[in-house]
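Coordinates from query_24.txt are shown below (compact mmCIF, C-alpha atoms).
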# COMPACT_ATOMS: atom_id res chain seq x y z
CA MET W 297 -9.80 -14.40 38.81
CA SER W 298 -7.54 -14.37 35.79
CA LEU W 299 -6.87 -17.55 33.89
CA GLU W 300 -3.38 -18.35 32.64
CA ALA W 301 -2.19 -20.36 29.66
CA SER W 302 1.48 -21.08 29.06
CA GLY W 303 3.48 -23.54 27.04
CA PHE W 304 3.59 -21.43 23.86
CA ASP W 305 6.79 -20.79 22.00
CA LEU W 306 5.37 -17.71 20.30
CA ILE W 307 2.49 -15.29 20.82
CA VAL W 308 1.56 -13.21 17.78
CA ILE W 309 -0.42 -10.04 18.46
CA GLY W 310 -2.27 -9.17 15.27
CA GLY W 311 -3.75 -11.34 12.54
CA GLY W 312 -2.94 -9.21 9.51
CA SER W 313 -0.49 -10.04 6.76
CA GLY W 314 2.64 -9.87 8.90
CA GLY W 315 1.15 -11.63 11.92
CA LEU W 316 -0.30 -14.48 9.87
CA ALA W 317 2.93 -14.92 7.91
CA GLY W 318 4.90 -15.10 11.15
CA ALA W 319 2.48 -17.52 12.79
CA PHE W 320 2.38 -19.88 9.80
CA ARG W 321 6.16 -19.90 9.32
CA ALA W 322 6.85 -20.46 13.04
CA ALA W 323 4.37 -23.35 13.09
CA GLU W 324 6.07 -24.88 10.04
CA HIS W 325 9.25 -25.00 12.12
CA GLY W 326 7.41 -26.79 14.93
CA ALA W 327 6.73 -23.84 17.23
CA ARG W 328 3.59 -23.79 19.39
CA VAL W 329 1.82 -20.56 18.41
CA ALA W 330 -1.05 -18.46 19.75
CA LEU W 331 -2.47 -15.72 17.50
CA LEU W 332 -4.54 -12.85 18.90
CA GLU W 333 -6.78 -10.94 16.50
CA PRO W 334 -9.98 -9.15 17.65
CA HIS W 335 -11.28 -8.40 14.16
CA LEU W 336 -11.22 -10.06 10.76
CA LEU W 337 -8.25 -12.15 9.75
CA GLY W 338 -6.07 -10.54 7.12
CA GLY W 339 -5.90 -7.09 8.66
CA THR W 340 -5.92 -3.94 6.57
CA CYS W 341 -4.72 -5.51 3.32
CA VAL W 342 -7.43 -8.13 2.97
CA ASN W 343 -10.34 -6.22 4.47
CA VAL W 344 -9.89 -2.46 3.91
CA GLY W 345 -6.75 -2.19 1.83
CA CYS W 346 -4.91 -3.88 -1.03
CA VAL W 347 -7.45 -6.59 -1.87
CA PRO W 348 -10.74 -4.64 -1.99
CA LYS W 349 -8.86 -1.64 -3.42
CA LYS W 350 -7.52 -3.71 -6.29
CA ALA W 351 -11.01 -5.12 -6.86
CA MET W 352 -12.39 -1.60 -7.20
CA TRP W 353 -9.43 -0.64 -9.42
CA LEU W 354 -10.26 -3.55 -11.70
CA ALA W 355 -13.89 -2.44 -11.87
CA ALA W 356 -12.73 1.06 -12.80
CA ASP W 357 -10.39 -0.40 -15.42
CA VAL W 358 -13.27 -2.33 -16.98
CA ALA W 359 -15.37 0.85 -17.01
CA GLY W 360 -12.61 2.70 -18.85
CA ARG W 361 -12.23 -0.05 -21.42
CA LEU W 362 -15.97 -0.10 -22.05
CA ARG W 363 -15.79 3.60 -22.88
CA LEU W 364 -12.85 2.96 -25.20
CA ALA W 365 -14.79 0.14 -26.83
CA GLN W 366 -17.43 2.60 -27.98
CA THR W 367 -14.73 4.86 -29.41
CA LEU W 368 -13.17 1.94 -31.29
CA GLY W 369 -16.40 0.89 -32.97
CA PHE W 370 -17.94 -1.67 -30.63
CA ASP W 371 -21.70 -1.47 -30.29
CA VAL W 372 -21.59 -1.19 -26.51
CA PRO W 373 -24.31 0.81 -24.77
CA PRO W 374 -23.26 3.23 -22.02
CA ALA W 375 -22.69 1.24 -18.85
CA THR W 376 -22.45 2.17 -15.18
CA LEU W 377 -21.33 -0.06 -12.35
CA ASP W 378 -23.98 -1.63 -10.15
CA TRP W 379 -21.97 -1.17 -6.95
CA PRO W 380 -24.06 -3.48 -4.72
CA GLU W 381 -23.78 -6.25 -7.32
CA PHE W 382 -20.03 -5.80 -7.67
CA ILE W 383 -19.56 -5.69 -3.89
CA VAL W 384 -21.19 -9.12 -3.67
CA HIS W 385 -18.38 -10.47 -5.85
CA ARG W 386 -15.74 -8.48 -3.95
CA GLU W 387 -16.89 -9.71 -0.55
CA ARG W 388 -17.21 -13.29 -1.79
CA TYR W 389 -13.59 -13.15 -2.87
CA ILE W 390 -12.54 -11.81 0.55
CA ALA W 391 -14.67 -14.43 2.37
CA ASN W 392 -12.78 -17.13 0.49
CA ILE W 393 -9.50 -15.66 1.76
CA HIS W 394 -10.85 -15.71 5.34
CA ALA W 395 -11.90 -19.34 4.94
CA SER W 396 -8.48 -20.26 3.57
CA TYR W 397 -6.79 -18.64 6.57
CA ARG W 398 -9.02 -20.54 9.00
CA ARG W 399 -8.27 -23.86 7.31
CA ARG W 400 -4.55 -23.21 7.39
CA LEU W 401 -4.63 -22.11 11.03
CA ASP W 402 -6.50 -25.25 12.03
CA ALA W 403 -4.15 -27.46 10.03
CA ALA W 404 -1.11 -25.79 11.61
CA GLY W 405 -2.45 -26.18 15.14
CA ILE W 406 -2.30 -22.44 15.81
CA MET W 407 -4.55 -21.29 18.65
CA VAL W 408 -6.57 -18.25 17.55
CA VAL W 409 -7.84 -15.91 20.27
CA PRO W 410 -10.39 -13.29 19.13
CA SER W 411 -9.16 -10.58 21.48
CA PHE W 412 -7.06 -7.48 21.88
CA ALA W 413 -3.93 -7.94 23.95
CA ARG W 414 -1.82 -5.81 26.22
CA PHE W 415 1.51 -6.52 27.81
CA VAL W 416 1.80 -7.59 31.42
CA ASP W 417 5.51 -8.33 31.28
CA ALA W 418 8.08 -9.31 28.65
CA ARG W 419 6.69 -12.85 28.40
CA THR W 420 3.01 -12.33 29.24
CA VAL W 421 0.04 -10.67 27.54
CA GLU W 422 -3.48 -10.19 28.87
CA CYS W 423 -6.60 -10.78 26.78
CA GLU W 424 -9.75 -8.70 27.11
CA ASN W 425 -11.41 -11.30 29.34
CA GLY W 426 -8.47 -11.35 31.74
CA THR W 427 -6.84 -14.51 30.42
CA LEU W 428 -3.06 -14.38 30.59
CA LEU W 429 -0.99 -15.97 27.84
CA ARG W 430 2.72 -16.66 28.27
CA ALA W 431 5.39 -17.50 25.71
CA ARG W 432 9.14 -17.39 25.28
CA ARG W 433 8.81 -14.91 22.42
CA ILE W 434 6.21 -12.36 21.32
CA LEU W 435 5.66 -10.83 17.87
CA ILE W 436 3.84 -7.50 17.58
CA ALA W 437 2.05 -7.11 14.23
CA THR W 438 -0.92 -4.86 14.92
CA GLY W 439 -0.60 -2.67 11.82
CA GLY W 440 -1.98 0.81 11.43
CA ARG W 441 -5.10 2.80 10.63
CA PRO W 442 -6.07 6.00 8.80
CA GLN W 443 -5.68 9.27 10.64
CA ARG W 444 -7.77 12.39 10.28
CA PRO W 445 -6.26 15.87 10.31
CA ASP W 446 -6.77 17.95 13.43
CA ILE W 447 -9.08 20.54 11.87
CA PRO W 448 -12.66 21.68 12.52
CA GLY W 449 -15.27 19.43 10.94
CA THR W 450 -12.89 16.53 10.39
CA GLU W 451 -15.39 14.06 11.84
CA SER W 452 -17.74 14.81 8.92
CA GLY W 453 -15.26 13.50 6.39
CA ALA W 454 -14.55 9.91 5.44
CA VAL W 455 -11.29 7.97 5.45
CA SER W 456 -10.17 5.04 3.32
CA ASP W 457 -11.78 2.49 5.65
CA ASP W 458 -15.12 4.23 5.12
CA PHE W 459 -14.72 4.10 1.34
CA PHE W 460 -15.18 0.34 1.40
CA GLN W 461 -18.61 0.82 2.96
CA TRP W 462 -19.82 3.01 0.09
CA ARG W 463 -22.50 1.51 -2.12
CA ALA W 464 -22.43 4.05 -4.93
CA ALA W 465 -20.07 6.54 -6.52
CA PRO W 466 -20.83 10.02 -5.07
CA GLU W 467 -21.51 12.53 -7.78
CA ARG W 468 -18.89 15.01 -6.53
CA VAL W 469 -15.98 13.93 -4.31
CA ALA W 470 -13.19 15.92 -2.69
CA ILE W 471 -10.11 13.93 -1.70
CA VAL W 472 -7.63 15.57 0.65
CA GLY W 473 -4.07 14.34 0.21
CA GLY W 474 -1.51 13.61 -2.45
CA GLY W 475 -0.11 10.24 -1.39
CA TYR W 476 -0.77 6.80 -2.78
CA ILE W 477 -4.19 6.32 -1.15
CA ALA W 478 -5.46 9.69 -2.37
CA VAL W 479 -4.13 9.08 -5.87
CA GLU W 480 -5.56 5.57 -6.12
CA LEU W 481 -9.04 6.51 -4.88
CA ALA W 482 -9.14 9.62 -7.07
CA GLY W 483 -8.41 7.62 -10.19
CA LEU W 484 -10.86 4.82 -9.60
CA LEU W 485 -13.69 7.10 -8.46
CA GLN W 486 -13.30 9.30 -11.54
CA ALA W 487 -13.34 6.20 -13.74
CA LEU W 488 -16.49 4.94 -12.01
CA GLY W 489 -18.42 8.15 -12.65
CA SER W 490 -17.61 10.60 -9.87
CA ARG W 491 -16.35 14.10 -10.47
CA VAL W 492 -13.21 14.23 -8.37
CA GLU W 493 -11.19 17.13 -6.99
CA LEU W 494 -7.88 16.49 -5.27
CA PHE W 495 -6.64 18.95 -2.63
CA VAL W 496 -2.88 18.54 -2.20
CA ARG W 497 -0.90 20.44 0.42
CA GLY W 498 2.35 20.25 -1.55
CA ASP W 499 3.22 21.08 -5.13
CA ARG W 500 3.14 17.53 -6.56
CA LEU W 501 1.66 14.07 -6.24
CA LEU W 502 3.39 11.09 -4.66
CA ASN W 503 6.37 12.39 -2.74
CA GLY W 504 9.03 9.71 -2.90
CA PHE W 505 8.26 8.79 -6.50
CA ASP W 506 10.21 10.15 -9.44
CA HIS W 507 9.28 13.77 -10.03
CA GLU W 508 8.92 13.47 -13.81
CA LEU W 509 6.57 10.50 -13.59
CA ALA W 510 4.52 12.23 -10.88
CA THR W 511 4.19 15.26 -13.14
CA GLN W 512 3.05 13.10 -16.07
CA LEU W 513 0.54 11.28 -13.86
CA ALA W 514 -0.90 14.63 -12.79
CA GLU W 515 -1.32 15.55 -16.44
CA ASP W 516 -2.97 12.20 -17.20
CA TYR W 517 -5.34 12.84 -14.32
CA ARG W 518 -6.21 16.30 -15.62
CA GLN W 519 -6.91 14.80 -19.03
CA SER W 520 -9.28 12.30 -17.39
CA GLY W 521 -11.24 15.13 -15.76
CA ILE W 522 -9.82 15.19 -12.23
CA ARG W 523 -9.31 18.70 -10.87
CA LEU W 524 -6.00 19.08 -9.03
CA HIS W 525 -5.48 21.81 -6.42
CA PHE W 526 -1.80 21.98 -5.47
CA GLY W 527 -0.59 24.13 -2.59
CA HIS W 528 -3.98 23.89 -0.89
CA SER W 529 -3.84 23.07 2.83
CA VAL W 530 -7.33 22.26 4.10
CA ALA W 531 -8.21 24.23 7.23
CA ALA W 532 -11.76 23.00 7.91
CA LEU W 533 -14.82 21.20 6.63
CA GLU W 534 -17.90 23.37 6.75
CA GLU W 535 -21.66 23.10 6.17
CA ASN W 536 -22.00 19.56 7.56
CA GLY W 537 -18.83 18.41 5.90
CA THR W 538 -19.87 19.29 2.36
CA ARG W 539 -17.49 22.19 1.68
CA VAL W 540 -13.72 22.49 2.00
CA ARG W 541 -12.20 25.62 3.52
CA CYS W 542 -8.51 26.06 2.66
CA GLU W 543 -5.97 27.96 4.74
CA ASP W 544 -6.01 30.82 2.25
CA GLY W 545 -9.70 31.32 3.05
CA VAL W 546 -11.07 29.94 -0.22
CA LEU W 547 -14.29 27.94 0.26
CA SER W 548 -15.09 25.20 -2.23
CA GLU W 549 -18.38 24.41 -3.88
CA PRO W 550 -20.45 21.72 -2.10
CA PHE W 551 -19.38 18.09 -2.40
CA ASP W 552 -21.40 14.94 -1.86
CA ALA W 553 -18.48 13.38 0.00
CA VAL W 554 -15.11 14.48 1.36
CA LEU W 555 -12.47 11.83 1.95
CA PHE W 556 -9.25 12.32 3.93
CA ALA W 557 -6.18 10.45 2.75
CA THR W 558 -3.78 12.27 5.05
CA GLY W 559 -1.63 9.47 6.38
CA ARG W 560 -1.83 6.52 8.73
CA LYS W 561 -0.73 5.88 12.30
CA PRO W 562 0.35 2.69 14.07
CA ASN W 563 -1.97 0.69 16.30
CA SER W 564 0.26 0.87 19.36
CA GLU W 565 -1.77 2.72 22.01
CA ARG W 566 -3.63 -0.26 23.50
CA LEU W 567 -0.63 -2.55 23.84
CA ALA W 568 0.67 -1.06 27.13
CA LEU W 569 4.18 -1.03 25.68
CA GLU W 570 5.36 1.19 28.50
CA ARG W 571 4.85 -1.63 30.99
CA VAL W 572 7.79 -3.52 29.53
CA GLY W 573 9.80 -0.59 28.22
CA ILE W 574 9.38 -1.17 24.48
CA ALA W 575 10.81 1.86 22.69
CA THR W 576 8.72 3.76 20.14
CA ASP W 577 9.42 6.72 17.89
CA VAL W 578 7.60 10.05 18.00
CA GLY W 579 4.88 8.70 15.73
CA GLY W 580 4.16 5.68 17.91
CA HIS W 581 5.94 3.13 15.72
CA VAL W 582 7.72 0.33 17.56
CA ALA W 583 11.46 0.76 17.06
CA VAL W 584 13.19 -2.32 15.64
CA ASP W 585 16.72 -3.17 14.54
CA GLU W 586 17.77 -4.99 11.38
CA ARG W 587 16.62 -8.26 12.99
CA HIS W 588 13.18 -6.78 13.72
CA ALA W 589 13.96 -7.05 17.43
CA THR W 590 12.53 -4.40 19.76
CA SER W 591 14.37 -2.85 22.69
CA VAL W 592 13.16 -5.74 24.89
CA ASP W 593 14.76 -9.16 24.55
CA GLY W 594 12.40 -11.76 23.09
CA ILE W 595 9.90 -9.24 21.70
CA PHE W 596 9.83 -8.53 17.96
CA ALA W 597 7.72 -6.45 15.59
CA VAL W 598 6.96 -6.40 11.86
CA GLY W 599 4.70 -4.52 9.47
CA ASP W 600 3.06 -1.11 9.74
CA ILE W 601 3.55 -0.99 13.52
CA THR W 602 7.26 -0.45 12.69
CA PRO W 603 8.99 2.23 10.59
CA ASP W 604 9.40 -0.28 7.72
CA PRO W 605 7.88 0.66 4.35
CA PRO W 606 4.10 0.22 4.83
CA LEU W 607 3.71 -2.52 2.23
CA THR W 608 2.06 -5.91 2.72
CA PRO W 609 4.86 -7.89 1.01
CA VAL W 610 7.42 -6.17 3.27
CA ALA W 611 5.55 -7.29 6.40
CA ILE W 612 5.25 -10.84 5.07
CA ALA W 613 8.89 -11.05 4.04
CA ALA W 614 10.09 -9.62 7.36
CA ALA W 615 7.95 -12.05 9.38
CA ARG W 616 9.03 -15.12 7.41
CA ARG W 617 12.73 -14.27 7.63
CA LEU W 618 12.38 -13.57 11.34
CA MET W 619 10.79 -16.94 12.04
CA ASP W 620 13.34 -18.73 9.86
CA ARG W 621 16.05 -17.20 12.04
CA LEU W 622 14.33 -17.86 15.36
CA TYR W 623 13.19 -21.42 14.68
CA GLY W 624 14.87 -22.62 11.50
CA GLY W 625 18.51 -21.77 11.96
CA ALA W 626 18.63 -19.29 9.08
CA THR W 627 20.58 -16.05 9.10
CA ALA W 628 19.01 -14.00 6.28
CA LEU W 629 17.67 -10.53 7.12
CA LEU W 630 15.09 -8.51 5.23
CA ASP W 631 16.89 -6.48 2.58
CA ARG W 632 15.25 -3.08 2.80
CA ARG W 633 17.03 -1.87 -0.33
CA ASP W 634 15.44 -1.87 -3.77
CA ILE W 635 11.92 -2.80 -2.69
CA PRO W 636 9.59 -2.51 -5.70
CA THR W 637 6.32 -0.71 -5.17
CA VAL W 638 3.31 0.19 -7.31
CA VAL W 639 0.55 2.75 -6.91
CA PHE W 640 -2.67 1.56 -8.57
CA SER W 641 -3.47 4.86 -10.16
CA HIS W 642 -5.01 5.13 -13.64
CA PRO W 643 -2.60 4.35 -15.25
CA PRO W 644 -0.48 2.60 -12.59
CA ILE W 645 2.90 3.93 -11.55
CA GLY W 646 5.70 1.80 -10.13
CA GLN W 647 9.32 2.04 -9.16
CA VAL W 648 12.25 0.07 -7.80
CA GLY W 649 15.58 1.46 -6.67
CA LEU W 650 16.67 5.09 -6.59
CA THR W 651 14.91 8.08 -8.08
CA GLU W 652 17.01 10.41 -10.20
CA ILE W 653 17.27 12.91 -7.33
CA GLU W 654 18.30 10.22 -4.85
CA ALA W 655 20.87 8.82 -7.26
CA ARG W 656 22.43 12.23 -7.87
CA GLU W 657 22.68 12.83 -4.11
CA VAL W 658 24.74 9.63 -3.82
CA HIS W 659 26.58 9.40 -7.14
CA GLY W 660 26.67 12.98 -8.43
CA ASP W 661 27.75 13.38 -12.04
CA ALA W 662 28.11 9.61 -12.49
CA VAL W 663 24.33 9.38 -12.94
CA HIS W 664 22.91 8.80 -16.43
CA VAL W 665 19.17 9.01 -17.12
CA TYR W 666 17.23 7.46 -20.02
CA ARG W 667 13.57 8.12 -20.81
CA ALA W 668 10.85 6.82 -23.08
CA GLY W 669 7.67 8.87 -23.34
CA PHE W 670 4.93 7.47 -25.54
CA ARG W 671 1.23 6.84 -26.00
CA PRO W 672 0.42 3.16 -25.40
CA MET W 673 -1.12 1.46 -28.40
CA LEU W 674 -4.69 1.35 -27.05
CA SER W 675 -4.59 5.09 -26.26
CA ALA W 676 -3.25 5.83 -29.71
CA LEU W 677 -5.91 3.70 -31.41
CA ALA W 678 -8.64 5.47 -29.44
CA ASP W 679 -6.89 8.82 -29.98
CA ILE W 680 -6.94 9.76 -26.31
CA PRO W 681 -4.16 11.90 -24.78
CA GLN W 682 -3.07 9.58 -21.95
CA ARG W 683 0.70 9.11 -22.08
CA SER W 684 3.16 6.70 -20.52
CA LEU W 685 6.62 7.57 -19.25
CA PHE W 686 9.35 5.01 -18.51
CA LYS W 687 12.68 6.02 -17.00
CA LEU W 688 15.98 4.32 -16.18
CA VAL W 689 18.49 5.71 -13.71
CA CYS W 690 21.99 4.35 -14.29
CA VAL W 691 25.36 4.90 -12.60
CA GLY W 692 28.97 4.83 -13.79
CA ASP W 693 30.71 3.99 -17.03
CA GLU W 694 29.16 0.52 -16.95
CA ARG W 695 25.69 2.14 -16.71
CA ARG W 696 24.58 -0.09 -13.84
CA VAL W 697 20.81 0.29 -13.44
CA VAL W 698 19.98 1.65 -9.96
CA GLY W 699 16.42 2.84 -10.61
CA ILE W 700 13.52 1.74 -12.82
CA HIS W 701 10.43 3.95 -12.98
CA LEU W 702 7.33 3.08 -14.98
CA LEU W 703 4.11 5.01 -15.53
CA GLY W 704 1.63 3.44 -17.89
CA GLU W 705 -0.66 0.58 -18.70
CA ALA W 706 0.51 -2.72 -17.14
CA ALA W 707 3.35 -1.02 -15.25
CA ASP W 708 2.31 -3.05 -12.21
CA GLU W 709 2.85 -6.34 -14.04
CA ILE W 710 5.95 -5.25 -15.97
CA LEU W 711 7.90 -4.04 -12.94
CA GLN W 712 8.15 -7.32 -11.02
CA GLY W 713 10.51 -9.04 -13.43
CA PHE W 714 12.66 -5.98 -13.95
CA ALA W 715 12.91 -5.59 -10.15
CA VAL W 716 14.57 -9.00 -9.98
CA ALA W 717 17.00 -7.94 -12.70
CA LEU W 718 17.87 -4.70 -10.89
CA LYS W 719 18.67 -6.57 -7.69
CA ARG W 720 20.95 -8.87 -9.71
CA GLY W 721 22.95 -5.84 -10.87
CA ILE W 722 21.94 -5.48 -14.51
CA THR W 723 23.45 -2.81 -16.73
CA LEU W 724 22.01 -0.80 -19.57
CA ALA W 725 23.95 -3.05 -21.95
CA ASP W 726 22.19 -6.11 -20.49
CA LEU W 727 18.84 -4.53 -21.28
CA ARG W 728 19.88 -3.54 -24.78
CA ASP W 729 21.19 -7.06 -25.42
CA THR W 730 17.69 -8.41 -24.74
CA VAL W 731 15.49 -8.76 -27.80
CA ALA W 732 12.29 -6.73 -27.43
CA ILE W 733 8.78 -8.17 -27.43
CA HIS W 734 6.86 -6.15 -29.98
CA PRO W 735 4.42 -4.44 -29.89
CA THR W 736 4.29 -3.94 -26.11
CA SER W 737 4.87 -1.16 -23.64
CA ALA W 738 7.43 -3.33 -21.83
CA GLU W 739 9.74 -3.29 -24.84
CA GLU W 740 10.46 0.37 -24.16
CA VAL W 741 12.56 -0.68 -21.14
CA VAL W 742 15.04 -2.55 -23.35
CA LEU W 743 15.01 -0.05 -26.22
CA MET W 744 15.95 3.16 -24.38
CA ARG W 745 18.84 5.08 -25.93
Give the structure from this file in structure tokens form.
Amino acid sequence: MSLEASGFDLIVIGGGSGGLAGAFRAAEHGARVALLEPHLLGGTCVNVGCVPKKAMWLAADVAGRLRLAQTLGFDVPPATLDWPEFIVHRERYIANIHASYRRRLDAAGIMVVPSFARFVDARTVECENGTLLRARRILIATGGRPQRPDIPGTESGAVSDDFFQWRAAPERVAIVGGGYIAVELAGLLQALGSRVELFVRGDRLLNGFDHELATQLAEDYRQSGIRLHFGHSVAALEENGTRVRCEDGVLSEPFDAVLFATGRKPNSERLALERVGIATDVGGHVAVDERHATSVDGIFAVGDITPDPPLTPVAIAAARRLMDRLYGGATALLDRRDIPTVVFSHPPIGQVGLTEIEAREVHGDAVHVYRAGFRPMLSALADIPQRSLFKLVCVGDERRVVGIHLLGEAADEILQGFAVALKRGITLADLRDTVAIHPTSAEEVVLMR
């Protein structure tokens, strides 16, 4: 016989970034909350995404600086990363995040249920053991997962989740894809000692990023030793997943590992959305309006389960604003415009606002573009060819800044402050009126002519 628990104001399905943010904010407003999460708290970002990825990126950054140290005259012996030792530190860091979540959940009085959930009706979900939970409102925040291409041998390849189980850098790695996951893993693996080849279906990296910066990043990657194969659609993995067969019939040399970074799909199949008539798009994302409401009254969704940009801060911001409206009397919506984003490539690339192409589609000949291409000081000192490229996209006679695009060392840290300025409507004159901090890469943003 099924058990039933009611009396909740909110049920949150999914304990990732968006689900936790929603649960915590609702509880702050006095709501009685139940959170269902069958796996580790923190979802993709904390466990197989942003956090461990950034940890590995930092390790790769240290490896690169150690090599530069030798070039610059430091008596540093050749060093390789002890992956198992580093993973101890990485997992300790993540365990501390889990512990922090558990303390906060206990302090907030949020009931945590370690279970999947599926809908029974618009106010009721069923746990795996048959328990029924009822609430006035339900938030779906189940995120997404990597998808493999539908080709022969695909099961022999790895995906990004599998990468975080690796305990050594494979000697030769093929990465299939040209998006942010492929670019990030290619850069850090090459820096940590692998020989990396990137198979990209299109003719460039990072669709959606500025074309000039993507071209410069590709050149930086070539200079670092990564082999880039553009216009190569992978048709199959052969010989136990060690060789890549492209659609043109070309068969690669053997690899020690092949990793697919060919997109992600939403975790919507097990929710029984059809029982309550929740609308989804062709990709399985839950359709939401500007309030993050689904097609069913009282049911909401945030994060990668929706068509929103698949970024952790977007899920968190959407969930917090939603709960402030539902329980705190607020009216603010998530502003989906001008969301800054960074790809942790080597070097990192980031952008906020419109690309040049997007700006010209909207504003035509009123668009003005300013660029600064340079070698950062450390690269110049070490006499290595890696170059940075910064770009401003401005509109109108007042030169209002509508796009900021940065490729280079510390671009990830530089962009945040300039993103605030862009949202406040800065102009090129505002930037030029700001005294530069010298010598830095960031000064190039305020010195462009």
Hey, could you pull the box centre and edge lengths for range 649-665 of chain W, axis-aligned, 5 Å padding per side, all listed atoms, to one decimal in Å, as AutoDock Vina command-line options?
--center_x 21.5 --center_y 7.4 --center_z -10.5 --size_x 23.2 --size_y 21.9 --size_z 23.3
task = Find the residue from W:Leu494, W:Ala678, W:Ala655, W:Val578 that sits nearest to Gly521 in chain W; use only C-alpha atoms when measuring.
result =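 Closest to Gly521 in chain W, using only C-alpha atoms: W:Leu494.
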query = Which residue out of W:Gly475, W:Ala330, W:Gln486, W:Pro636 has the minimum interatomic distance to Asn503 in chain W when only C-alpha atoms are used?
reply =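 The closest residue to Asn503 in chain W is W:Gly475.
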Wanna dump the range 398-461 of chain W-range 340-345 of chain W contacts at 8 Å for me, each residue with its shortest atom pair and the distance in Å to one decimal, counting all atoms listed in the file, ordered by chain and number, as CSV?
residue,atom,partner,partner_atom,distance
W:Gly439,CA,W:Thr340,CA,7.6
W:Gly440,CA,W:Thr340,CA,7.9
W:Arg441,CA,W:Thr340,CA,7.9
W:Ser456,CA,W:Val344,CA,7.5
W:Asp457,CA,W:Val344,CA,5.6
W:Phe460,CA,W:Val344,CA,6.5
Written file, previous selection with C-alpha atoms, as a PDB file, in the coordinates of the input:
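Everything below was put into result33.pdb:
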ATOM      1  CA  GLY W 439      -0.600  -2.670  11.820  1.00  0.00           C
ATOM      2  CA  GLY W 440      -1.980   0.810  11.430  1.00  0.00           C
ATOM      3  CA  ARG W 441      -5.100   2.800  10.630  1.00  0.00           C
ATOM      4  CA  SER W 456     -10.170   5.040   3.320  1.00  0.00           C
ATOM      5  CA  ASP W 457     -11.780   2.490   5.650  1.00  0.00           C
ATOM      6  CA  PHE W 460     -15.180   0.340   1.400  1.00  0.00           C
TER       7      PHE W 460
END
remark   = Using only C-alpha atoms, the shortest atom-to-atom distance to Gly704 in chain W among W:Leu513, W:Ala557, W:Val540, W:Leu618 belongs to W:Leu513
inquiry  = At a cut-off of 10 Å, using all atoms listed in the file, what residues contact Gly489 in chain W? Leave out same-chain residues fewer than 3 positions from it and give the result as a list in words.
reply    = Ala356, Ala359, Thr376, Leu377, Ala464, Ala465, Pro466, Glu467, Arg468, Leu484, Leu485, Gln486 and Val492 of chain W
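Environment of (3.7, -14.0, 16.6): residues at most 7 Å away, judged by only C-alpha atoms, are Leu306, Ile307, Val308, Ile309, Gly315, Gly318, Ala319, Leu331, Ile434, Leu435 and Ile436 of chain W.
With only C-alpha atoms as the atoms that count, the residue of W:Ser641, W:Ala365, W:Asp585, W:Gly594 with the shortest distance to Gly474 in chain W is W:Ser641.
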inquiry  = Need the shell around Ala327 in chain W: protein/DNA/RNA residues with any atom at most 12 Å away, counting all atoms listed in the file. Skip same-chain ones fewer than 4 positions apart. Format as a ChimeraX atom specification?
reply    = /W:303-308,318-323,404-407,431-433,619-620,622-624
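CA of Asp600 in chain W lies 24.4 Å from CA of His701 in chain W.
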inquiry  = Considering only C-alpha atoms, can you say which of W:Pro373, W:Gly326, W:Pro562, W:Gly498 comes closest to Ala437 in chain W?
reply    =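 Using only C-alpha atoms, the shortest distance to Ala437 in chain W belongs to W:Pro562.
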